[in-house]
Every structure is written in structure tokens, then in C-alpha cells.
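Structure file model-v7.cif (mmCIF, C-alpha atoms) is printed below.
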data_start
loop_
_atom_site.group_PDB
_atom_site.id
_atom_site.type_symbol
_atom_site.label_atom_id
_atom_site.label_comp_id
_atom_site.auth_asym_id
_atom_site.auth_seq_id
_atom_site.Cartn_x
_atom_site.Cartn_y
_atom_site.Cartn_z
ATOM 1 C CA MET C 309 84.478 74.980 138.163
ATOM 2 C CA SER C 310 86.348 75.739 141.381
ATOM 3 C CA GLU C 311 84.882 78.063 143.980
ATOM 4 C CA THR C 312 87.874 80.371 143.548
ATOM 5 C CA ARG C 313 87.327 80.638 139.786
ATOM 6 C CA LEU C 314 83.598 81.209 140.291
ATOM 7 C CA ALA C 315 84.263 83.929 142.842
ATOM 8 C CA THR C 316 86.644 85.614 140.393
ATOM 9 C CA LEU C 317 83.994 85.594 137.672
ATOM 10 C CA VAL C 318 81.467 87.082 140.056
ATOM 11 C CA ARG C 319 83.813 89.798 141.288
ATOM 12 C CA GLN C 320 85.278 90.833 137.948
ATOM 13 C CA PRO C 321 82.180 92.515 136.453
ATOM 14 C CA ARG C 322 81.752 94.392 139.708
ATOM 15 C CA LEU C 323 85.319 95.733 139.496
ATOM 16 C CA ARG C 324 84.836 96.649 135.848
ATOM 17 C CA ASP C 325 81.631 98.504 136.678
ATOM 18 C CA GLN C 326 83.335 100.323 139.528
ATOM 19 C CA ALA C 327 86.188 101.327 137.222
ATOM 20 C CA TYR C 328 83.695 102.448 134.588
ATOM 21 C CA GLU C 329 81.776 104.614 137.057
ATOM 22 C CA ALA C 330 84.979 106.103 138.457
ATOM 23 C CA LEU C 331 86.167 107.056 134.973
ATOM 24 C CA ARG C 332 82.744 108.489 134.097
ATOM 25 C CA GLU C 333 82.959 110.618 137.246
ATOM 26 C CA MET C 334 86.335 111.919 136.070
ATOM 27 C CA LEU C 335 84.806 112.819 132.719
ATOM 28 C CA ARG C 336 81.741 114.328 134.384
ATOM 29 C CA HIS C 337 83.812 116.634 136.576
ATOM 30 C CA GLY C 338 86.444 117.416 133.964
ATOM 31 C CA THR C 339 89.253 115.724 135.896
ATOM 32 C CA PHE C 340 90.231 113.146 133.264
ATOM 33 C CA PRO C 341 93.793 114.170 132.295
ATOM 34 C CA ALA C 342 93.636 116.823 129.572
ATOM 35 C CA ASP C 343 96.645 115.314 127.773
ATOM 36 C CA GLY C 344 95.260 111.793 127.988
ATOM 37 C CA ALA C 345 96.119 108.866 130.210
ATOM 38 C CA VAL C 346 97.499 105.356 129.954
ATOM 39 C CA GLU C 347 95.978 102.217 131.355
ATOM 40 C CA ASN C 348 98.668 101.611 133.981
ATOM 41 C CA ASP C 349 98.364 105.083 135.483
ATOM 42 C CA LEU C 350 94.574 104.900 135.638
ATOM 43 C CA ALA C 351 94.718 101.463 137.289
ATOM 44 C CA ALA C 352 97.125 102.801 139.910
ATOM 45 C CA GLN C 353 94.957 105.861 140.505
ATOM 46 C CA LEU C 354 91.836 103.723 140.962
ATOM 47 C CA ASN C 355 93.752 101.112 142.983
ATOM 48 C CA VAL C 356 92.566 98.187 140.847
ATOM 49 C CA SER C 357 94.231 95.819 138.425
ATOM 50 C CA ARG C 358 94.626 96.682 134.739
ATOM 51 C CA THR C 359 91.981 94.228 133.510
ATOM 52 C CA PRO C 360 88.837 95.986 134.824
ATOM 53 C CA VAL C 361 90.281 99.357 133.806
ATOM 54 C CA ARG C 362 90.988 98.059 130.284
ATOM 55 C CA GLU C 363 87.426 96.746 129.996
ATOM 56 C CA ALA C 364 86.001 100.027 131.243
ATOM 57 C CA LEU C 365 88.152 101.996 128.803
ATOM 58 C CA PHE C 366 87.011 99.832 125.895
ATOM 59 C CA GLN C 367 83.401 100.462 126.862
ATOM 60 C CA LEU C 368 83.947 104.210 127.147
ATOM 61 C CA CYS C 369 85.551 104.220 123.699
ATOM 62 C CA ARG C 370 82.608 102.310 122.211
ATOM 63 C CA GLU C 371 80.246 104.845 123.743
ATOM 64 C CA GLY C 372 82.223 107.783 122.349
ATOM 65 C CA PHE C 373 83.382 109.246 125.659
ATOM 66 C CA LEU C 374 87.053 108.420 125.029
ATOM 67 C CA GLU C 375 89.245 107.530 122.085
ATOM 68 C CA ASP C 376 92.227 105.194 121.859
ATOM 69 C CA THR C 377 95.243 107.034 120.440
ATOM 70 C CA GLY C 378 97.421 103.948 120.339
ATOM 71 C CA ARG C 379 99.531 105.444 123.116
ATOM 72 C CA GLY C 380 96.750 105.980 125.618
ATOM 73 C CA TYR C 381 93.229 107.324 125.968
ATOM 74 C CA ARG C 382 91.945 110.864 125.668
ATOM 75 C CA VAL C 383 88.703 112.804 125.488
ATOM 76 C CA PRO C 384 87.811 113.280 121.799
ATOM 77 C CA GLU C 385 88.008 116.778 120.384
ATOM 78 C CA LEU C 386 84.576 118.061 119.432
ATOM 79 C CA SER C 387 84.063 119.825 116.126
ATOM 80 C CA ALA C 388 81.610 122.648 115.464
ATOM 81 C CA THR C 389 79.340 120.070 113.811
ATOM 82 C CA ASP C 390 79.540 117.805 116.866
ATOM 83 C CA MET C 391 78.534 120.661 119.150
ATOM 84 C CA GLU C 392 75.676 121.775 116.930
ATOM 85 C CA GLU C 393 74.306 118.224 116.863
ATOM 86 C CA ILE C 394 74.600 117.934 120.642
ATOM 87 C CA ILE C 395 72.906 121.293 121.270
ATOM 88 C CA GLU C 396 70.170 120.439 118.773
ATOM 89 C CA LEU C 397 69.474 117.164 120.564
ATOM 90 C CA ARG C 398 69.542 118.860 123.978
ATOM 91 C CA LEU C 399 67.055 121.477 122.759
ATOM 92 C CA MET C 400 64.742 118.656 121.715
ATOM 93 C CA ILE C 401 64.878 116.900 125.090
ATOM 94 C CA GLU C 402 66.189 119.051 127.925
ATOM 95 C CA PRO C 403 63.456 121.720 128.222
ATOM 96 C CA ASP C 404 60.798 119.011 128.466
ATOM 97 C CA ALA C 405 62.935 117.104 130.977
ATOM 98 C CA ALA C 406 63.150 120.247 133.133
ATOM 99 C CA ALA C 407 59.381 120.665 132.860
ATOM 100 C CA LEU C 408 58.868 117.114 134.100
ATOM 101 C CA ALA C 409 61.388 117.619 136.890
ATOM 102 C CA VAL C 410 59.701 120.663 138.418
ATOM 103 C CA THR C 411 56.348 118.906 138.440
ATOM 104 C CA ARG C 412 57.630 115.564 139.746
ATOM 105 C CA ALA C 413 60.391 116.468 142.211
ATOM 106 C CA ASP C 414 59.682 115.268 145.737
ATOM 107 C CA PRO C 415 60.498 117.480 148.756
ATOM 108 C CA ALA C 416 63.980 115.995 149.201
ATOM 109 C CA ALA C 417 64.777 116.566 145.524
ATOM 110 C CA VAL C 418 63.489 120.135 145.728
ATOM 111 C CA ARG C 419 65.820 120.820 148.645
ATOM 112 C CA ALA C 420 68.758 119.256 146.784
ATOM 113 C CA ILE C 421 68.142 121.282 143.617
ATOM 114 C CA LYS C 422 67.837 124.522 145.593
ATOM 115 C CA ARG C 423 70.978 123.705 147.571
ATOM 116 C CA GLU C 424 73.043 123.233 144.406
ATOM 117 C CA ALA C 425 71.688 126.477 142.932
ATOM 118 C CA GLU C 426 72.768 128.239 146.127
ATOM 119 C CA ASN C 427 76.176 126.572 145.854
ATOM 120 C CA GLU C 428 76.511 127.895 142.292
ATOM 121 C CA ALA C 429 75.735 131.443 143.417
ATOM 122 C CA LYS C 430 78.092 131.196 146.413
ATOM 123 C CA ALA C 431 80.947 129.875 144.256
ATOM 124 C CA HIS C 432 80.405 132.617 141.683
ATOM 125 C CA ARG C 433 80.507 135.342 144.330
ATOM 126 C CA ALA C 434 83.756 133.866 145.634
ATOM 127 C CA GLY C 435 85.228 133.622 142.141
ATOM 128 C CA ASP C 436 85.768 129.892 142.688
ATOM 129 C CA VAL C 437 85.388 128.448 139.194
ATOM 130 C CA GLY C 438 86.100 124.865 140.267
ATOM 131 C CA ALA C 439 83.407 124.953 142.945
ATOM 132 C CA PHE C 440 80.990 126.509 140.480
ATOM 133 C CA ILE C 441 81.598 123.765 137.912
ATOM 134 C CA ALA C 442 81.044 121.097 140.590
ATOM 135 C CA ALA C 443 77.819 122.755 141.787
ATOM 136 C CA ASN C 444 76.636 123.154 138.204
ATOM 137 C CA ALA C 445 77.171 119.451 137.520
ATOM 138 C CA ALA C 446 75.333 118.575 140.745
ATOM 139 C CA PHE C 447 72.432 120.915 139.908
ATOM 140 C CA ARG C 448 71.991 119.307 136.506
ATOM 141 C CA ALA C 449 72.254 115.807 137.966
ATOM 142 C CA ARG C 450 69.626 116.490 140.662
ATOM 143 C CA LEU C 451 67.293 118.089 138.116
ATOM 144 C CA LEU C 452 67.632 115.195 135.667
ATOM 145 C CA GLU C 453 67.060 112.629 138.388
ATOM 146 C CA SER C 454 63.825 114.405 139.288
ATOM 147 C CA CYS C 455 62.320 114.119 135.805
ATOM 148 C CA GLY C 456 61.391 110.554 136.694
ATOM 149 C CA ASN C 457 62.490 109.066 133.380
ATOM 150 C CA ARG C 458 65.611 106.943 133.640
ATOM 151 C CA ARG C 459 66.218 106.812 129.893
ATOM 152 C CA VAL C 460 66.027 110.586 129.520
ATOM 153 C CA SER C 461 68.491 110.923 132.395
ATOM 154 C CA GLN C 462 70.858 108.455 130.729
ATOM 155 C CA VAL C 463 70.750 110.237 127.362
ATOM 156 C CA LEU C 464 71.268 113.720 128.789
ATOM 157 C CA GLY C 465 73.816 112.499 131.306
ATOM 158 C CA GLY C 466 75.813 110.990 128.457
ATOM 159 C CA LEU C 467 75.717 114.221 126.480
ATOM 160 C CA ASP C 468 76.845 116.118 129.574
ATOM 161 C CA ASP C 469 79.870 113.878 129.966
ATOM 162 C CA GLN C 470 80.837 114.322 126.306
ATOM 163 C CA ILE C 471 80.919 118.124 126.566
ATOM 164 C CA GLN C 472 82.047 118.544 130.164
ATOM 165 C CA ARG C 473 85.544 119.733 129.265
ATOM 166 C CA LEU C 474 84.092 122.371 126.927
ATOM 167 C CA ARG C 475 81.443 123.314 129.491
ATOM 168 C CA ALA C 476 84.196 123.775 132.080
ATOM 169 C CA ARG C 477 86.013 126.066 129.669
ATOM 170 C CA THR C 478 82.794 127.985 129.058
ATOM 171 C CA LEU C 479 82.151 128.467 132.761
ATOM 172 C CA THR C 480 85.525 130.072 133.337
ATOM 173 C CA VAL C 481 83.902 133.167 131.784
ATOM 174 C CA ALA C 482 82.145 135.192 134.507
ATOM 175 C CA GLU C 483 79.367 136.345 132.172
ATOM 176 C CA ASN C 484 78.493 132.750 131.323
ATOM 177 C CA ARG C 485 78.361 131.813 134.992
ATOM 178 C CA ALA C 486 76.080 134.776 135.714
ATOM 179 C CA LEU C 487 73.759 133.795 132.863
ATOM 180 C CA THR C 488 73.648 130.218 134.135
ATOM 181 C CA ILE C 489 72.751 131.393 137.631
ATOM 182 C CA ALA C 490 70.000 133.652 136.278
ATOM 183 C CA GLN C 491 68.345 130.888 134.263
ATOM 184 C CA HIS C 492 68.710 128.359 137.057
ATOM 185 C CA ALA C 493 67.030 130.879 139.375
ATOM 186 C CA LYS C 494 64.069 130.865 136.992
ATOM 187 C CA VAL C 495 64.003 127.067 137.213
ATOM 188 C CA ILE C 496 63.925 127.353 141.011
ATOM 189 C CA GLU C 497 61.044 129.824 140.782
ATOM 190 C CA ALA C 498 59.224 127.440 138.450
ATOM 191 C CA LEU C 499 59.900 124.637 140.908
ATOM 192 C CA GLY C 500 58.137 126.589 143.648
ATOM 193 C CA ARG C 501 55.087 127.052 141.441
ATOM 194 C CA ARG C 502 55.321 123.601 139.844
ATOM 195 C CA ASP C 503 55.318 125.487 136.534
ATOM 196 C CA GLY C 504 56.721 123.155 133.895
ATOM 197 C CA ASP C 505 56.341 125.662 131.053
ATOM 198 C CA ALA C 506 58.438 128.266 132.872
ATOM 199 C CA ALA C 507 61.170 125.718 133.593
ATOM 200 C CA ALA C 508 61.225 124.678 129.942
ATOM 201 C CA ARG C 509 61.564 128.314 128.821
ATOM 202 C CA ALA C 510 64.469 128.892 131.197
ATOM 203 C CA MET C 511 66.359 125.832 130.008
ATOM 204 C CA ARG C 512 65.677 126.655 126.362
ATOM 205 C CA ALA C 513 67.046 130.178 126.852
ATOM 206 C CA LEU C 514 70.163 128.806 128.549
ATOM 207 C CA LEU C 515 70.779 126.295 125.752
ATOM 208 C CA LYS C 516 70.379 128.942 123.061
ATOM 209 C CA ALA C 517 72.884 131.159 124.864
ATOM 210 C CA ALA C 518 75.280 128.200 125.077
ATOM 211 C CA ARG C 519 74.847 127.541 121.353
ATOM 212 C CA LYS C 520 75.776 131.157 120.590
ATOM 213 C CA TYR C 521 78.853 131.019 122.801
ATOM 214 C CA TYR C 522 80.043 127.661 121.429
ATOM 215 C CA ALA C 523 79.675 128.995 117.882
ATOM 216 C CA SER C 524 82.077 131.819 118.764
ATOM 217 C CA LEU C 525 84.802 129.283 119.637
ATOM 218 C CA TRP C 526 85.135 127.937 116.106
#

Whole structure given in C-alpha cells:
Amino acid sequence: MSETRLATLVRQPRLRDQAYEALREMLRHGTFPADGAVENDLAAQLNVSRTPVREALFQLCREGFLEDTGRGYRVPELSATDMEEIIELRLMIEPDAAALAVTRADPAAVRAIKREAENEAKAHRAGDVGAFIAANAAFRARLLESCGNRRVSQVLGGLDDQIQRLRARTLTVAENRALTIAQHAKVIEALGRRDGDAAARAMRALLKAARKYYASLW
């Protein structure tokens, strides 16, 4: 095998992984085109060739984050049953993950979690929904990272990406943002006391409120 061919084989997975992570970031922040996107446009946007983008798209479809319409790729529409299953699974895992996070977070993680909670509150006061959604995603990411369990973070991170478009829609409502801030404030208080039970209660209350709101959409 030539050195050029070997170098190509070494580089290609790295490009595919980069494309995959870039597309996941778009899903995570709700910036994947609402009407769907085609391979060529995504490759141009990411400034890579079509091959790694195609491979990343196939992987995202297998994982349920996207669906192939035959004319492009879009975020699947979630049914009421889909949402109930997702909330049920989150209720099983997320409160305990928050409890672990507030007992395991190191000083740097504590500062990061508090900073994102402050960013949420600041964005809400300014009426900046986009900034609030970004801070909310960052708060959840920092909290999940702090639970110290990579597999839990992967599972919950995946669920987050699947519902991010609906979460963004939910957070356009000022009352929902205020409720989120209030429960996250309780998590911050629990973090200061290293009180896992209090953090779990706050996250459980937030999830139950989300379940009630999502049910009103169908």
C-alpha cells in the first residue's frame, strides 16, 4: 500500500468524526436546518468533501438523530408517544445523574455550572431566547459531565439532541424559562451543600413540568 493511500485511510475517519461532531453540535443547539438539508450543502458549510459528511449522516440516521427523506436529511418529528418514552427514561436517570454531579463536581466544574446558570438568568432578563437556549444547553452539558459516568452522559446527551428542537420551542415561552431558572437555582444551592437528594428533587420537578407542557402540545 502506498504512503499516500495509507495517509488517506488514516485521515478519513478523522474527517468523518469531525463532520459527525459538527452535525451533532448543530442538532444540540437547534441550528440544523428546520426544513432539512442536503449532503452537498452540509459539506460546503463544514468545508469538507461529501464522503465524510455522507458517512456522518448515515451514522446519525442509524442512531435516530436524523432521517433520510430521499431528498435530503431532516430531524425526525417526535410523536406524543416518543416524548412520553423520552421523559420516562429521563425521569429514571436524570435526577440520579444530577445527584451524582453535585457530589462529584470539582471546583472548576462548580464554577462552570454556576456561570451557565447566571448566563441563563441574564439572557432571560434581556429577553434573549437564543442566548438562553445556548446557556441552558451548556448548563446541562456541564452538569452531566460532572456526574463522573461517561455512559450516563452519553445516554442523556443523546436524548437531549433528539428533543433539542422541541426544547427550543418550549423555551420560547417566558414562563418555562422562569421555571427552568428556578429549578436550576435549586440545583446550584444543592451544589453548595453537596446535597444530592435536593438536586435530584429539583431535576425531577423540572422534568415533570416539562412532561405536562409537552402533553399540552399534542

For C:Arg412, which of C:Leu350, C:Leu451, C:Ala493, C:Val481 is the closest residue, counting only C-alpha atoms? C:Leu451

Could you give me, as a ChimeraX atom specification, the residues within 8 Å of C:Leu515, counting all atoms listed in the file and dropping anything in the same chain fewer than 4 positions from it? /C:395,398-399,511,519

Tell me which protein, DNA and RNA residues are within 12 Å of C:Ala517, counting all atoms listed in the file, leaving out same-chain ones fewer than 2 positions away, and put them as a ChimeraX atom specification. /C:395,399,478,483-488,491,510-515,519-524

Answer as number ranges by chain, residues within 9 Å of (76.8, 123.8, 138.1) using only C-alpha atoms: C: 424-425, 427-428, 439-448, 479, 485, 488-489

Would you mind listing, for every residue of stretch 359-478 of chain C within 9 Å of stretch 327-331 of chain C, the two atoms forming the shortest contact and the distance between them in Å to one decimal, using only C-alpha atoms, sorted by chain and ascending residue number, as CSV?
residue,atom,partner,partner_atom,distance
C:Pro360,CA,C:Ala327,CA,6.4
C:Val361,CA,C:Ala327,CA,5.7
C:Glu363,CA,C:Tyr328,CA,8.2
C:Ala364,CA,C:Tyr328,CA,4.7
C:Leu365,CA,C:Tyr328,CA,7.3
C:Gln367,CA,C:Tyr328,CA,8.0
C:Leu368,CA,C:Tyr328,CA,7.7

Selection dump of the PyMOL selection byres ((chain C and resi 400-411) around 8), as a ChimeraX atom specification: /C:396-399,412-413,451-456,460,464,495,498-499,502-512

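Note that the spacing between atom CA of C:Thr359 and atom CA of C:Glu375 amounts to 17.7 Å.
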
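Checking C:Ala518, C:Leu467, C:Ala417, C:Ala482 one by one against C:Ala431, counting all atoms listed in the file, you find the shortest gap at C:Ala482.
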
Around stretch 472-476 of chain C, fit a box with edges along x, y and z, padding it by 6 Å on each side, then list its centre and edge lengths in Å to one decimal as JSON.
{"center_x": 83.5, "center_y": 121.2, "center_z": 129.5, "size_x": 16.1, "size_y": 17.2, "size_z": 17.2}

If we count all atoms listed in the file, what is near stretch 383-392 of chain C at a cut-off of 10 Å, once residues fewer than 4 positions away on the same chain are taken out, given as a PyMOL selection string? chain C and resi 335+338+340-345+368-369+372-377+396-398+469-474+519+522-526

What's the separation between atom CA of C:Ala416 and atom CA of C:Ala490, in Å to one decimal place?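 For atom CA of C:Ala416 relative to atom CA of C:Ala490, the distance reads 22.7 Å.
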
Å distance separating atom CA of C:Lys430 from atom CA of C:Arg336, one decimal place: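 Rounded to one decimal, the two atoms are 21.0 Å apart.
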
Using all atoms listed in the file for the distances, tell me which of C:Lys516, C:Glu426, C:Val418, C:Gly380 is nearest to C:Arg501.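 Checking each candidate against C:Arg501, we get C:Val418 as the closest.
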
For stretch 350-380 of chain C, supply N, CA and C atoms and report the output as an mmCIF file, keeping the file's coordinate frame.
data_model
loop_
_atom_site.group_PDB
_atom_site.id
_atom_site.type_symbol
_atom_site.label_atom_id
_atom_site.label_comp_id
_atom_site.auth_asym_id
_atom_site.auth_seq_id
_atom_site.Cartn_x
_atom_site.Cartn_y
_atom_site.Cartn_z
ATOM 1 N N LEU C 350 95.964 104.874 135.183
ATOM 2 C CA LEU C 350 94.574 104.900 135.638
ATOM 3 C C LEU C 350 94.312 103.773 136.636
ATOM 4 N N ALA C 351 94.891 102.584 136.367
ATOM 5 C CA ALA C 351 94.718 101.463 137.289
ATOM 6 C C ALA C 351 95.321 101.794 138.653
ATOM 7 N N ALA C 352 96.487 102.432 138.646
ATOM 8 C CA ALA C 352 97.125 102.801 139.910
ATOM 9 C C ALA C 352 96.290 103.856 140.636
ATOM 10 N N GLN C 353 95.758 104.812 139.896
ATOM 11 C CA GLN C 353 94.957 105.861 140.505
ATOM 12 C C GLN C 353 93.683 105.311 141.134
ATOM 13 N N LEU C 354 93.079 104.313 140.458
ATOM 14 C CA LEU C 354 91.836 103.723 140.962
ATOM 15 C C LEU C 354 92.089 102.574 141.928
ATOM 16 N N ASN C 355 93.366 102.182 142.060
ATOM 17 C CA ASN C 355 93.752 101.112 142.983
ATOM 18 C C ASN C 355 93.077 99.783 142.629
ATOM 19 N N VAL C 356 93.073 99.476 141.325
ATOM 20 C CA VAL C 356 92.566 98.187 140.847
ATOM 21 C C VAL C 356 93.561 97.650 139.823
ATOM 22 N N SER C 357 93.351 96.406 139.426
ATOM 23 C CA SER C 357 94.231 95.819 138.425
ATOM 24 C C SER C 357 93.927 96.402 137.044
ATOM 25 N N ARG C 358 94.788 96.117 136.076
ATOM 26 C CA ARG C 358 94.626 96.682 134.739
ATOM 27 C C ARG C 358 93.415 96.121 134.005
ATOM 28 N N THR C 359 93.048 94.865 134.288
ATOM 29 C CA THR C 359 91.981 94.228 133.510
ATOM 30 C C THR C 359 90.642 94.966 133.600
ATOM 31 N N PRO C 360 90.109 95.254 134.792
ATOM 32 C CA PRO C 360 88.837 95.986 134.824
ATOM 33 C C PRO C 360 88.932 97.384 134.238
ATOM 34 N N VAL C 361 90.102 98.028 134.393
ATOM 35 C CA VAL C 361 90.281 99.357 133.806
ATOM 36 C C VAL C 361 90.283 99.256 132.282
ATOM 37 N N ARG C 362 90.962 98.249 131.738
ATOM 38 C CA ARG C 362 90.988 98.059 130.284
ATOM 39 C C ARG C 362 89.576 97.847 129.747
ATOM 40 N N GLU C 363 88.794 97.002 130.442
ATOM 41 C CA GLU C 363 87.426 96.746 129.996
ATOM 42 C C GLU C 363 86.572 98.008 130.057
ATOM 43 N N ALA C 364 86.758 98.782 131.115
ATOM 44 C CA ALA C 364 86.001 100.027 131.243
ATOM 45 C C ALA C 364 86.400 101.018 130.149
ATOM 46 N N LEU C 365 87.678 101.099 129.849
ATOM 47 C CA LEU C 365 88.152 101.996 128.803
ATOM 48 C C LEU C 365 87.603 101.593 127.438
ATOM 49 N N PHE C 366 87.579 100.303 127.162
ATOM 50 C CA PHE C 366 87.011 99.832 125.895
ATOM 51 C C PHE C 366 85.551 100.242 125.779
ATOM 52 N N GLN C 367 84.817 100.095 126.874
ATOM 53 C CA GLN C 367 83.401 100.462 126.862
ATOM 54 C C GLN C 367 83.225 101.964 126.635
ATOM 55 N N LEU C 368 84.039 102.763 127.305
ATOM 56 C CA LEU C 368 83.947 104.210 127.147
ATOM 57 C C LEU C 368 84.300 104.640 125.722
ATOM 58 N N CYS C 369 85.225 103.934 125.100
ATOM 59 C CA CYS C 369 85.551 104.220 123.699
ATOM 60 C C CYS C 369 84.387 103.852 122.783
ATOM 61 N N ARG C 370 83.765 102.720 123.033
ATOM 62 C CA ARG C 370 82.608 102.310 122.211
ATOM 63 C C ARG C 370 81.474 103.323 122.325
ATOM 64 N N GLU C 371 81.328 103.903 123.508
ATOM 65 C CA GLU C 371 80.246 104.845 123.743
ATOM 66 C C GLU C 371 80.588 106.270 123.297
ATOM 67 N N GLY C 372 81.830 106.477 122.863
ATOM 68 C CA GLY C 372 82.223 107.783 122.349
ATOM 69 C C GLY C 372 82.736 108.772 123.376
ATOM 70 N N PHE C 373 82.900 108.340 124.626
ATOM 71 C CA PHE C 373 83.382 109.246 125.659
ATOM 72 C C PHE C 373 84.902 109.411 125.619
ATOM 73 N N LEU C 374 85.605 108.385 125.148
ATOM 74 C CA LEU C 374 87.053 108.420 125.029
ATOM 75 C C LEU C 374 87.453 107.891 123.662
ATOM 76 N N GLU C 375 88.703 108.129 123.302
ATOM 77 C CA GLU C 375 89.245 107.530 122.085
ATOM 78 C C GLU C 375 90.630 106.966 122.387
ATOM 79 N N ASP C 376 90.940 105.862 121.703
ATOM 80 C CA ASP C 376 92.227 105.194 121.859
ATOM 81 C C ASP C 376 93.194 105.778 120.844
ATOM 82 N N THR C 377 94.272 106.409 121.332
ATOM 83 C CA THR C 377 95.243 107.034 120.440
ATOM 84 C C THR C 377 96.343 106.073 120.011
ATOM 85 N N GLY C 378 96.333 104.878 120.585
ATOM 86 C CA GLY C 378 97.421 103.948 120.339
ATOM 87 C C GLY C 378 98.504 104.067 121.393
ATOM 88 N N ARG C 379 98.559 105.226 122.037
ATOM 89 C CA ARG C 379 99.531 105.444 123.116
ATOM 90 C C ARG C 379 98.834 105.700 124.442
ATOM 91 N N GLY C 380 97.522 105.721 124.414
ATOM 92 C CA GLY C 380 96.750 105.980 125.618
ATOM 93 C C GLY C 380 95.329 106.354 125.246
#
